[in-house]
Amino acid sequence: MSTQQPVLQLQNLTRVHGAGATEVHALRGIDLAVYPGELVAVMGPSGSGKSTLLTIAGGLDTPSSGRVIVEDTDITTASVKELAALRRRSIGYVFQDYNLIPALTAAENVALPRELDGTSARKARVEAVAALEEMGLGHLADRFPDEMSGGQQQRVAIARALVGDRRLVLADEPTGALDSETGESVLALLRTRCDAGAAGVLVTHEPRFAAWADRVVFLRDGAIVDQTVRSEADSLLSGQVAEA
Amino acid sequence: MKTWFHSWRAAIRIARRDAWRSKGRSSLVLAMIALPILGVSALDLTYRSSELSPAERVERTIGAADARFRDAQVGGVPIFQDPTGDIHTPVKEYENEPWPSGATDVTKAIPAGSTVLTDSNASAKLTTTHGLLMTEVRELKASDPVARGIMTLLDGRFPEKNDEVMATSHFLESSGLSVGSTLSARNFDRPYRIVGSYELPDALGTDQVNALPGAFLAPYAKAVEKAGLPAPDTSLSYLVRKAGGFTWNTVKEINTKGVAVVSRAVMIDPPADSEVPLYQKDGWGNYQSSPAAGAAELASLATVVGLAMLEICLLAGPAFAVGARRSRRQLGLVGANGGARSHIRAIVLSGGLVIGIAAAVTGTVLALILTLLLQPVLESTMGQRFGAFDIRPLELLGIALLAVLTGLLAAIVPAVTASRQTVLASLTGRRGIRRSSRVLPLIGLAALLLGGAVALFGSTVSEQVTLVAAGSALAELGVVAMTPALVGLFGRTGRWLPLSPRLALRDAVRNRGRTAPAVAAVLAAVAGTVAVSTYMASREAQNRAEYEATLPYGVAAAFVQEEGGRDVPAVREAIQRQFPVDVRADVERVSVGKPGCPPWGGDPACGRYEVIVPRANECPLYASLPGGGDPSEKYTPEQRRKLVTEDWRCMDSASSGMYLSDGGLVVGDAKLLQVLGVDDPATVKALADGKIVSFNRALVQKNGTIAIKQITDIAAADKASEENRPAPGKVSSLPAYLVPGDQKSYGLQALMTPATAKAAGLSTVPMGVYVSTDRLPDSEQRQKLDGDLAKLGSNVELHLEEGFVNDNGIVLLSLAIFAGLVTIGAAGIATGLAQADAEADLKTLAAVGAPPRVRRTLSGFQCGVVAAMGVILGSAAGLLPAVGLRLTEERNQIRMYEQNVAEGWSGELTPPHVPIVVPWETLAGLLVAVPLGAALLAALVTRSRGALARRAAT
Amino acid sequence: MSIRHGLLALLERGPRYGSQLRTEFESRTGSTWPLNVGQVYTTLNRLERDGMVAQGGEDDAGHTLYAITDSGRTELRTWFEKPVDRTSPARDELAIKLAMAVGAPGVDIRAVIQSQRRHTVKAMQDYTRLKAQALLAVEGGGARERDDVAWLLVLEQLIFQTEAEARWLDHCESRLIRLSATAATGAPASAPAAPAAPAAPAAPAPPAAAPNGPTAPSTSIAPGTSIP
């Protein structure tokens, strides 16, 4: 697996907000690579730079220095237009809440990036409905966001984040506005998508949700201080049983 | 191209659903755009439907005939005519010869084998249930197939017997008669029965009665003549039907016999201008349209449409701005999902597009429905039936496109603003202080300076009013563009205000995106109003200064010249009855010939008189020369100046005023002097002594008499005057008394008593009455009198001196009301948007314990702030062009005055006074009342209590 | 006490023999607390002594069957109804470790916290993975559904407990940071606990560290859970 090309690479990323007395180092020298099939959780206290990392990774913000490479494209040098195109084709976002455009149905929301990219409305819709059905959300296709629960909205947002050829999901506290059980279902879906080959970065401050990740990166004061690596799933117990 | 299309479709879908989700705001904008579209489309439909095709027009004028032949009244000499047959002139030039006149036998020009129908008409006074009505009586066999299409039978049937007539519905309405009633004419006691009603599709408002040929006019003329009155003029034409019709060549041939022809074939297929000999004649060009006039019309139309669109854009812009603002998160999401700036722009623009299209459809459909429903009303207002309901899809489409364009234009600025924001800022909802564009105010400043310079140049250097107007318009647009920056300046004044107004002002200044367009809309409307009001108020002041009374204040005078003053007693009585009469002075005039003659002759049996002005008393500048030519050219400007300023003969004040009769000669008694305010006892005594009292020195001969010449042979007199000889006639000289001093006599130049006239052998007929009133008759009294006079069916000249009446008052008032409404509307929109925007802030305010009325006062102040800013800026911007225009006018008039003085044309000693008057009432109303009213209104309609509970949901 | 009551709960559904009880117990708790047959029989003997179970014959294969008695049922009811006692908390090694680390010379308490956190989160990850499988199993349905649900609940208990620990660690860290900041401004000389910058695992893990790569499997259950 490690021989695969990473979907997202952050290289020596720094971001400084403001200047002079009000200078704030939001990120200091971040290096991170996310591989296909991997879900990486970024944890850290408030103000540790989690969200900044995510916005820079998705090209919504620009780093002060360092490089962000998404699928072989260095997005730090891309133009505004190219960045928009990249968001349509490569990067999917899921925010804490109000992810869906209220004026569009679930299917239309999912189809939106494709339509913006110039796919015909019908084709985009067929793809969107297929994506929704694959994630078990087919029954929501024609509902408007205000006719859906928060968890349903988030799941539709994940579907949208991964529609078409997009392989990178950037999720910023996707469960923040949800109760524990619903949040779980959203993460379970994200997990499934990553198991199916997508790469995901999840920013959260809840360890319970971070635990769904393959790797948890600990961020403090804008720097990665530690990370966990998931063990093989069954080893935990099988070892114990054997011991007992 | 294809991808572009697909992404736009997505944008339009979002915009459409968004518009649907915020119905209130959408319908507001929709109404704003749709209303003018509705009006213009309805106008277009009405115009196009009332505009007739040549075939329709021909049918309405000549029915089913092929041509209408009419005597050109030039004694049968060859004529040239235009293709419509409206204009004709003799072929020959008659420079120094008498113009040919007289009838010719039209029937000789009608080709053999044609079907002919005569169509003649004349006026007659018909008896109605109310009194008498001057009505056109037409003799045309309307039931004849040749005449079909000229008259539309509405009710009853066509007349079949000689004592049957039919009447237009308008006549029936105004006469109070109906089908089945009997009708007769004055001086003619033969009764006619009305058997039907009809209308003339081109002239619904005509009072006309139709009889069979020969059934009315001929016997009526005889009866009138028997009564001693001149017979009415009858105009006769022939409707001709002939196989093959009449081509232009045939028409030209018939023209050689002095007959004008309206030909169906020519009307439907008119000849080229080069084939119309009339147009080749000097000074007879085809005036129907000149390209320059067309261009000017187009330019002014474009300006009006452009300004209206600008105003609508300014009013609708904030709605889109707020729409874009409220869907910031949504736009941010689109951005996060790969929407490029062009996509964001497309979504906001689509909002304008969607509403524009909806407004276009609504406006056009409503216009169609309304025009269809109101067709009868429209037709009777225009006095004309529509030809066919004429829908011009291209024109309607063009008008509808204007709506779409307006919607798009209104959304442009919000779209650009929204697309400029970074996705991150949109998503996090950080409001920040948005810097408004720096370019726009700079462009505005440049436009202001340039426009101001042009206007200044126009008003000080050149005298071109258009230059001033164009400069002012440019400067005004500049101010509109600078509005955001100016609004920013207002923000500085907020520091020392109490909470609510401070919040309102800060909010307005911080949210310039929505404040500035509203302020600009108010500014534009107010500036226009102030400009026009100032200009009109100044004009009014000038008119008031230049006003000359026709009579002493409160005096009324009425004259009837026709039928030998037969209706004068009735008029006198009516005035006595309806007006609060103080003194009544009946007046008569000298008449020569039959008693029923009009004062200006006309009938061979009628004569006229002249008050002889002695040669020595004529102003040498105007005295006619034996050889012709302009007498004034004999003098140098110096001499002329001397004459007009010093020679009493040329100063010409006594002969000014209302025209009464020849030489201002009136027969009346001392009461007239009293009414006119002449209280000189010597004058009264002279009148009583049988002298002619003269107010005009020029009329008095050297021997102290006034000479009146009675001319009985008009033809001989006309010939003499053409040859510049005195007319033959009997001269009576009467002793005269010249009223001393400069007594104002209001057109009365000479007065004698009936006894004096009789003694001098002058016959008189009643002319009218002068009355002085106790108080100015009110509107009701005047209306009653008008009603009484109308029933007489006579032409009554009525004067009532009310002093200077400002006719523009209503215009000024409606302008001010218009500006007020726009102001309140724009401020209201801005406030509504501000309220929607500030809902969260208001909840916070409520949460920290602000009393509920803060919500109210805040919205009131928000509204007031927008209105006040717009009104202040607009007043300033509006005063300037008005002042500029007035200055230009002043320069123009002074230049003309100076030229007149230099050339010696004018005796005026004072230069023209062109005052500049600021309409303080209007201005005060706009500056104080309107913002106050707007604020109060907004405060009143705002709910005090917002839902605190819904704090979280946004 | 939980094995005792667990066995009673299993017996309430019908007589069982010893190894059968062990299997059922483990399938319900997902082998989180493994039992050996000896433990089962010791417990059964004690229960029999206390009159809560009674031997009730043999099955076809000759295993001795145990059945629950009325007093056993009463005991079981009482156990279900009585909340778990929290008045005498179990001794927690981590709490003691941190308490000792405060003020201990030469110990970077933030490094202690971080290494514990990494361990805790990693354990959570493992539990979560198991949970994801359990979730799939539950959704898949089937005969063992009841056991799967029970297993899921146990797993989630573990997850929430580890989460509590992780959060407690977060809290400790921010508390220590604040205290050290106050101390630094108040008395710069004595900065006892936490240096401002993390000392121990400052180097970020290299990206090449294979995410799913084989790492030493954790052989101990997360601290803080105790098996009676």
# chains A, B, ... in the order shown; residues from 1 in each chain; ligands from 1
call {"tool": "residues_around", "arguments": {"residues": "Ala358 (chain B)", "least_positions_apart": "2", "cutoff": "12 Å", "atoms": "only C-alpha atoms", "output": "mmCIF file with all heavy atoms, in the first residue's frame"}}
result
data_model
loop_
_atom_site.group_PDB
_atom_site.id
_atom_site.type_symbol
_atom_site.label_atom_id
_atom_site.label_comp_id
_atom_site.auth_asym_id
_atom_site.auth_seq_id
_atom_site.Cartn_x
_atom_site.Cartn_y
_atom_site.Cartn_z
ATOM 1 N N ARG B 16 -33.670 30.059 -9.440
ATOM 2 C CA ARG B 16 -35.125 29.935 -9.543
ATOM 3 C C ARG B 16 -35.702 29.469 -8.208
ATOM 4 O O ARG B 16 -36.633 30.050 -7.671
ATOM 5 C CB ARG B 16 -35.437 28.926 -10.647
ATOM 6 C CG ARG B 16 -36.897 28.687 -10.896
ATOM 7 C CD ARG B 16 -37.093 28.008 -12.252
ATOM 8 N NE ARG B 16 -36.180 26.879 -12.455
ATOM 9 C CZ ARG B 16 -36.424 25.638 -12.039
ATOM 10 N NH1 ARG B 16 -37.536 25.351 -11.421
ATOM 11 N NH2 ARG B 16 -35.548 24.671 -12.264
ATOM 12 N N ALA B 19 -35.444 32.183 -5.613
ATOM 13 C CA ALA B 19 -36.462 33.217 -5.800
ATOM 14 C C ALA B 19 -37.777 32.732 -5.234
ATOM 15 O O ALA B 19 -38.510 33.472 -4.587
ATOM 16 C CB ALA B 19 -36.609 33.546 -7.281
ATOM 17 N N TRP B 20 -38.047 31.465 -5.445
ATOM 18 C CA TRP B 20 -39.295 30.902 -4.949
ATOM 19 C C TRP B 20 -39.285 30.846 -3.433
ATOM 20 O O TRP B 20 -40.308 31.008 -2.770
ATOM 21 C CB TRP B 20 -39.504 29.520 -5.565
ATOM 22 C CG TRP B 20 -40.840 28.941 -5.249
ATOM 23 C CD1 TRP B 20 -41.111 27.872 -4.456
ATOM 24 C CD2 TRP B 20 -42.101 29.425 -5.718
ATOM 25 N NE1 TRP B 20 -42.450 27.666 -4.402
ATOM 26 C CE2 TRP B 20 -43.093 28.600 -5.162
ATOM 27 C CE3 TRP B 20 -42.486 30.486 -6.543
ATOM 28 C CZ2 TRP B 20 -44.443 28.798 -5.408
ATOM 29 C CZ3 TRP B 20 -43.829 30.672 -6.779
ATOM 30 C CH2 TRP B 20 -44.791 29.830 -6.216
ATOM 31 N N SER B 26 -38.805 38.491 -3.817
ATOM 32 C CA SER B 26 -38.896 38.272 -5.256
ATOM 33 C C SER B 26 -40.086 39.002 -5.837
ATOM 34 O O SER B 26 -39.987 39.636 -6.880
ATOM 35 C CB SER B 26 -39.020 36.787 -5.555
ATOM 36 O OG SER B 26 -37.939 36.102 -4.998
ATOM 37 N N SER B 27 -41.240 38.915 -5.161
ATOM 38 C CA SER B 27 -42.424 39.521 -5.775
ATOM 39 C C SER B 27 -42.303 41.034 -5.766
ATOM 40 O O SER B 27 -42.793 41.707 -6.668
ATOM 41 C CB SER B 27 -43.693 39.062 -5.072
ATOM 42 O OG SER B 27 -43.517 39.062 -3.697
ATOM 43 N N VAL B 29 -39.499 42.775 -6.189
ATOM 44 C CA VAL B 29 -38.663 43.139 -7.338
ATOM 45 C C VAL B 29 -39.415 42.885 -8.634
ATOM 46 O O VAL B 29 -39.396 43.693 -9.564
ATOM 47 C CB VAL B 29 -37.348 42.332 -7.302
ATOM 48 C CG1 VAL B 29 -36.509 42.644 -8.500
ATOM 49 C CG2 VAL B 29 -36.599 42.634 -6.035
ATOM 50 N N LEU B 30 -40.129 41.776 -8.649
ATOM 51 C CA LEU B 30 -40.881 41.422 -9.849
ATOM 52 C C LEU B 30 -41.877 42.521 -10.181
ATOM 53 O O LEU B 30 -41.988 42.961 -11.325
ATOM 54 C CB LEU B 30 -41.596 40.101 -9.608
ATOM 55 C CG LEU B 30 -42.256 39.492 -10.838
ATOM 56 C CD1 LEU B 30 -41.807 38.052 -10.974
ATOM 57 C CD2 LEU B 30 -43.743 39.539 -10.762
ATOM 58 N N ALA B 31 -42.583 42.982 -9.152
ATOM 59 C CA ALA B 31 -43.581 44.026 -9.389
ATOM 60 C C ALA B 31 -42.912 45.288 -9.907
ATOM 61 O O ALA B 31 -43.393 45.935 -10.831
ATOM 62 C CB ALA B 31 -44.336 44.315 -8.105
ATOM 63 N N MET B 32 -41.757 45.611 -9.308
ATOM 64 C CA MET B 32 -41.061 46.828 -9.723
ATOM 65 C C MET B 32 -40.692 46.778 -11.191
ATOM 66 O O MET B 32 -40.775 47.768 -11.907
ATOM 67 C CB MET B 32 -39.794 46.999 -8.890
ATOM 68 C CG MET B 32 -40.008 47.875 -7.695
ATOM 69 S SD MET B 32 -38.461 48.340 -6.972
ATOM 70 C CE MET B 32 -37.850 46.804 -6.369
ATOM 71 N N ILE B 33 -40.251 45.596 -11.645
ATOM 72 C CA ILE B 33 -39.835 45.510 -13.041
ATOM 73 C C ILE B 33 -41.048 45.325 -13.944
ATOM 74 O O ILE B 33 -41.125 45.877 -15.039
ATOM 75 C CB ILE B 33 -38.827 44.358 -13.227
ATOM 76 C CG1 ILE B 33 -37.628 44.595 -12.331
ATOM 77 C CG2 ILE B 33 -38.391 44.246 -14.665
ATOM 78 C CD1 ILE B 33 -36.610 43.497 -12.365
ATOM 79 N N ALA B 34 -42.021 44.558 -13.463
ATOM 80 C CA ALA B 34 -43.142 44.194 -14.333
ATOM 81 C C ALA B 34 -44.061 45.378 -14.601
ATOM 82 O O ALA B 34 -44.614 45.484 -15.685
ATOM 83 C CB ALA B 34 -43.922 43.033 -13.713
ATOM 84 N N LEU B 35 -44.219 46.260 -13.612
ATOM 85 C CA LEU B 35 -45.182 47.357 -13.787
ATOM 86 C C LEU B 35 -44.870 48.232 -14.996
ATOM 87 O O LEU B 35 -45.739 48.440 -15.839
ATOM 88 C CB LEU B 35 -45.250 48.191 -12.518
ATOM 89 C CG LEU B 35 -46.344 47.749 -11.546
ATOM 90 C CD1 LEU B 35 -46.354 48.642 -10.331
ATOM 91 C CD2 LEU B 35 -47.697 47.775 -12.224
ATOM 92 N N ILE B 37 -43.112 47.490 -17.518
ATOM 93 C CA ILE B 37 -43.223 46.651 -18.707
ATOM 94 C C ILE B 37 -44.688 46.512 -19.089
ATOM 95 O O ILE B 37 -45.069 46.592 -20.261
ATOM 96 C CB ILE B 37 -42.595 45.267 -18.427
ATOM 97 C CG1 ILE B 37 -41.098 45.420 -18.213
ATOM 98 C CG2 ILE B 37 -42.878 44.307 -19.552
ATOM 99 C CD1 ILE B 37 -40.381 46.136 -19.318
ATOM 100 N N SER B 350 -28.254 34.949 -12.402
ATOM 101 C CA SER B 350 -29.434 34.165 -12.738
ATOM 102 C C SER B 350 -30.625 34.631 -11.926
ATOM 103 O O SER B 350 -31.757 34.578 -12.394
ATOM 104 C CB SER B 350 -29.199 32.688 -12.472
ATOM 105 O OG SER B 350 -28.148 32.236 -13.254
ATOM 106 N N GLY B 351 -30.348 35.056 -10.685
ATOM 107 C CA GLY B 351 -31.432 35.610 -9.874
ATOM 108 C C GLY B 351 -32.096 36.750 -10.624
ATOM 109 O O GLY B 351 -33.320 36.819 -10.720
ATOM 110 N N GLY B 352 -31.251 37.646 -11.169
ATOM 111 C CA GLY B 352 -31.804 38.760 -11.941
ATOM 112 C C GLY B 352 -32.501 38.278 -13.194
ATOM 113 O O GLY B 352 -33.570 38.754 -13.549
ATOM 114 N N LEU B 353 -31.886 37.282 -13.812
ATOM 115 C CA LEU B 353 -32.445 36.745 -15.051
ATOM 116 C C LEU B 353 -33.810 36.129 -14.787
ATOM 117 O O LEU B 353 -34.789 36.404 -15.487
ATOM 118 C CB LEU B 353 -31.487 35.687 -15.598
ATOM 119 C CG LEU B 353 -31.752 35.215 -17.010
ATOM 120 C CD1 LEU B 353 -31.464 36.319 -17.984
ATOM 121 C CD2 LEU B 353 -30.907 34.008 -17.334
ATOM 122 N N VAL B 354 -33.870 35.307 -13.741
ATOM 123 C CA VAL B 354 -35.119 34.613 -13.421
ATOM 124 C C VAL B 354 -36.220 35.629 -13.150
ATOM 125 O O VAL B 354 -37.320 35.549 -13.702
ATOM 126 C CB VAL B 354 -34.904 33.694 -12.208
ATOM 127 C CG1 VAL B 354 -36.233 33.266 -11.617
ATOM 128 C CG2 VAL B 354 -34.088 32.489 -12.616
ATOM 129 N N ILE B 355 -35.896 36.608 -12.292
ATOM 130 C CA ILE B 355 -36.927 37.597 -11.938
ATOM 131 C C ILE B 355 -37.251 38.448 -13.153
ATOM 132 O O ILE B 355 -38.415 38.788 -13.387
ATOM 133 C CB ILE B 355 -36.444 38.434 -10.744
ATOM 134 C CG1 ILE B 355 -36.330 37.503 -9.555
ATOM 135 C CG2 ILE B 355 -37.394 39.584 -10.476
ATOM 136 C CD1 ILE B 355 -36.610 38.092 -8.244
ATOM 137 N N GLY B 356 -36.214 38.787 -13.938
ATOM 138 C CA GLY B 356 -36.460 39.574 -15.138
ATOM 139 C C GLY B 356 -37.391 38.840 -16.095
ATOM 140 O O GLY B 356 -38.350 39.417 -16.612
ATOM 141 N N ALA B 360 -41.009 39.877 -17.153
ATOM 142 C CA ALA B 360 -41.335 40.088 -18.563
ATOM 143 C C ALA B 360 -42.600 39.333 -18.923
ATOM 144 O O ALA B 360 -43.519 39.877 -19.531
ATOM 145 C CB ALA B 360 -40.166 39.628 -19.438
ATOM 146 N N VAL B 361 -42.649 38.066 -18.508
ATOM 147 C CA VAL B 361 -43.824 37.252 -18.833
ATOM 148 C C VAL B 361 -45.065 37.841 -18.163
ATOM 149 O O VAL B 361 -46.097 38.070 -18.795
ATOM 150 C CB VAL B 361 -43.591 35.793 -18.394
ATOM 151 C CG1 VAL B 361 -44.868 34.995 -18.536
ATOM 152 C CG2 VAL B 361 -42.482 35.181 -19.224
ATOM 153 N N THR B 362 -44.938 38.129 -16.849
ATOM 154 C CA THR B 362 -46.076 38.678 -16.117
ATOM 155 C C THR B 362 -46.543 39.969 -16.769
ATOM 156 O O THR B 362 -47.739 40.153 -17.025
ATOM 157 C CB THR B 362 -45.671 38.976 -14.668
ATOM 158 O OG1 THR B 362 -44.892 37.897 -14.191
ATOM 159 C CG2 THR B 362 -46.882 39.145 -13.804
ATOM 160 N N GLY B 363 -45.581 40.868 -17.013
ATOM 161 C CA GLY B 363 -45.939 42.168 -17.556
ATOM 162 C C GLY B 363 -46.613 42.038 -18.913
ATOM 163 O O GLY B 363 -47.651 42.649 -19.169
ATOM 164 N N THR B 364 -46.041 41.206 -19.771
ATOM 165 C CA THR B 364 -46.591 41.093 -21.123
ATOM 166 C C THR B 364 -47.966 40.447 -21.088
ATOM 167 O O THR B 364 -48.913 40.920 -21.731
ATOM 168 C CB THR B 364 -45.634 40.265 -21.998
ATOM 169 O OG1 THR B 364 -44.312 40.765 -21.812
ATOM 170 C CG2 THR B 364 -46.012 40.365 -23.437
ATOM 171 N N VAL B 365 -48.087 39.376 -20.318
ATOM 172 C CA VAL B 365 -49.379 38.684 -20.268
ATOM 173 C C VAL B 365 -50.444 39.606 -19.687
ATOM 174 O O VAL B 365 -51.544 39.731 -20.231
ATOM 175 C CB VAL B 365 -49.239 37.391 -19.431
ATOM 176 C CG1 VAL B 365 -50.607 36.819 -19.128
ATOM 177 C CG2 VAL B 365 -48.399 36.379 -20.185
ATOM 178 N N LEU B 366 -50.093 40.286 -18.597
ATOM 179 C CA LEU B 366 -51.058 41.200 -17.994
ATOM 180 C C LEU B 366 -51.418 42.310 -18.971
ATOM 181 O O LEU B 366 -52.588 42.709 -19.065
ATOM 182 C CB LEU B 366 -50.485 41.801 -16.717
ATOM 183 C CG LEU B 366 -50.615 40.928 -15.470
ATOM 184 C CD1 LEU B 366 -50.056 41.654 -14.261
ATOM 185 C CD2 LEU B 366 -52.083 40.592 -15.227
ATOM 186 N N ALA B 400 -40.203 43.114 -23.523
ATOM 187 C CA ALA B 400 -39.970 42.091 -22.508
ATOM 188 C C ALA B 400 -38.481 41.937 -22.259
ATOM 189 O O ALA B 400 -38.043 41.758 -21.115
ATOM 190 C CB ALA B 400 -40.576 40.762 -22.954
ATOM 191 N N LEU B 401 -37.683 42.055 -23.334
ATOM 192 C CA LEU B 401 -36.228 41.938 -23.167
ATOM 193 C C LEU B 401 -35.710 43.039 -22.269
ATOM 194 O O LEU B 401 -34.757 42.843 -21.511
ATOM 195 C CB LEU B 401 -35.538 42.006 -24.529
ATOM 196 C CG LEU B 401 -35.430 40.663 -25.234
ATOM 197 C CD1 LEU B 401 -34.716 40.826 -26.559
ATOM 198 C CD2 LEU B 401 -34.679 39.682 -24.358
ATOM 199 N N ALA B 403 -37.171 44.130 -19.709
ATOM 200 C CA ALA B 403 -37.376 43.651 -18.344
ATOM 201 C C ALA B 403 -36.246 42.713 -17.945
ATOM 202 O O ALA B 403 -35.672 42.832 -16.858
ATOM 203 C CB ALA B 403 -38.712 42.934 -18.235
ATOM 204 N N VAL B 404 -35.928 41.792 -18.865
ATOM 205 C CA VAL B 404 -34.867 40.841 -18.553
ATOM 206 C C VAL B 404 -33.558 41.588 -18.339
ATOM 207 O O VAL B 404 -32.813 41.331 -17.385
ATOM 208 C CB VAL B 404 -34.734 39.820 -19.691
ATOM 209 C CG1 VAL B 404 -33.615 38.848 -19.404
ATOM 210 C CG2 VAL B 404 -36.041 39.082 -19.884
ATOM 211 N N THR B 406 -33.185 44.684 -17.426
ATOM 212 C CA THR B 406 -33.235 45.407 -16.166
ATOM 213 C C THR B 406 -32.890 44.478 -15.010
ATOM 214 O O THR B 406 -32.098 44.825 -14.132
ATOM 215 C CB THR B 406 -34.635 45.999 -15.945
ATOM 216 O OG1 THR B 406 -35.023 46.685 -17.120
ATOM 217 C CG2 THR B 406 -34.645 46.944 -14.782
ATOM 218 N N GLY B 407 -33.497 43.296 -15.017
ATOM 219 C CA GLY B 407 -33.212 42.331 -13.956
ATOM 220 C C GLY B 407 -31.733 42.008 -13.907
ATOM 221 O O GLY B 407 -31.109 42.030 -12.840
#
call {"tool": "interface_residues", "arguments": {"of": "chain A", "to": "chain B", "cutoff": "7 Å", "atoms": "only C-alpha atoms", "output": "MDAnalysis selection string"}}
result
chainID A and resid 60 81 84:88 92:93 99 101 103:104 113 115:121
call {"tool": "write_last_selection", "arguments": {"atoms": "N, CA and C atoms", "output": "short mmCIF file (atom, residue, chain, number, x, y, z; two decimals), in the first residue's frame"}}
result
data_model
loop_
_atom_site.label_atom_id
_atom_site.label_comp_id
_atom_site.auth_asym_id
_atom_site.auth_seq_id
_atom_site.Cartn_x
_atom_site.Cartn_y
_atom_site.Cartn_z
N LEU A 60 -8.75 26.34 -0.37
CA LEU A 60 -9.61 27.48 -0.03
C LEU A 60 -8.77 28.60 0.57
N LYS A 81 -8.94 30.09 -10.83
CA LYS A 81 -9.79 29.31 -11.73
C LYS A 81 -9.43 27.83 -11.67
N ALA A 84 -10.67 26.25 -8.55
CA ALA A 84 -12.09 25.94 -8.62
C ALA A 84 -12.30 24.64 -9.38
N ALA A 85 -11.59 24.52 -10.49
CA ALA A 85 -11.71 23.31 -11.30
C ALA A 85 -11.27 22.10 -10.49
N LEU A 86 -10.19 22.28 -9.70
CA LEU A 86 -9.66 21.20 -8.88
C LEU A 86 -10.70 20.76 -7.85
N ARG A 87 -11.41 21.76 -7.29
CA ARG A 87 -12.45 21.42 -6.31
C ARG A 87 -13.61 20.69 -6.97
N ARG A 88 -13.84 21.00 -8.23
CA ARG A 88 -14.91 20.29 -8.92
C ARG A 88 -14.52 18.85 -9.20
N GLY A 92 -13.30 16.93 -2.40
CA GLY A 92 -14.65 17.10 -1.88
C GLY A 92 -14.62 17.60 -0.45
N TYR A 93 -15.54 18.52 -0.15
CA TYR A 93 -15.57 19.09 1.19
C TYR A 93 -16.81 18.64 1.93
N ASN A 99 -24.33 21.89 4.84
CA ASN A 99 -23.47 21.54 3.73
C ASN A 99 -24.18 21.63 2.40
N ILE A 101 -26.96 22.89 -0.47
CA ILE A 101 -27.57 24.11 -0.97
C ILE A 101 -29.08 23.96 -0.85
N ALA A 103 -31.54 25.26 -2.03
CA ALA A 103 -32.41 25.37 -3.20
C ALA A 103 -32.37 24.12 -4.06
N LEU A 104 -31.51 23.17 -3.71
CA LEU A 104 -31.38 21.99 -4.58
C LEU A 104 -31.74 20.72 -3.82
N PRO A 113 -21.32 19.53 -8.50
CA PRO A 113 -19.95 19.70 -9.02
C PRO A 113 -19.83 19.23 -10.47
N GLU A 115 -22.24 19.18 -12.68
CA GLU A 115 -22.93 20.13 -13.56
C GLU A 115 -22.09 21.39 -13.76
N LEU A 116 -21.51 21.85 -12.67
CA LEU A 116 -20.65 23.03 -12.78
C LEU A 116 -19.51 22.75 -13.74
N ASP A 117 -19.14 21.47 -13.77
CA ASP A 117 -18.03 21.10 -14.63
C ASP A 117 -18.49 20.96 -16.08
N GLY A 118 -19.78 21.09 -16.29
CA GLY A 118 -20.27 21.09 -17.67
C GLY A 118 -20.90 19.79 -18.10
N THR A 119 -21.05 18.84 -17.19
CA THR A 119 -21.76 17.62 -17.55
C THR A 119 -23.23 17.98 -17.75
N SER A 120 -23.89 17.29 -18.64
CA SER A 120 -25.29 17.63 -18.88
C SER A 120 -26.10 17.26 -17.64
N ALA A 121 -27.19 17.99 -17.45
CA ALA A 121 -27.96 17.84 -16.23
C ALA A 121 -28.41 16.40 -16.05
#
call {"tool": "select_by_dssp", "arguments": {"residues": "region 81-195 of chain A", "states": "strand (DSSP E)", "output": "PyMOL selection string"}}
result
chain A and resi 91-94+168-172
call {"tool": "write_last_selection", "arguments": {"atoms": "C-alpha atoms", "output": "compact mmCIF listing (two decimals), in the first residue's frame"}}
result
# COMPACT_ATOMS: atom_id res chain seq x y z
CA ILE A 91 -11.44 17.54 -3.79
CA GLY A 92 -14.65 17.10 -1.88
CA TYR A 93 -15.57 19.09 1.19
CA VAL A 94 -17.83 18.23 4.10
CA LEU A 168 -10.19 13.11 -1.62
CA VAL A 169 -12.67 14.03 1.09
CA LEU A 170 -11.83 16.86 3.47
CA ALA A 171 -14.24 16.77 6.37
CA ASP A 172 -14.23 19.58 8.93
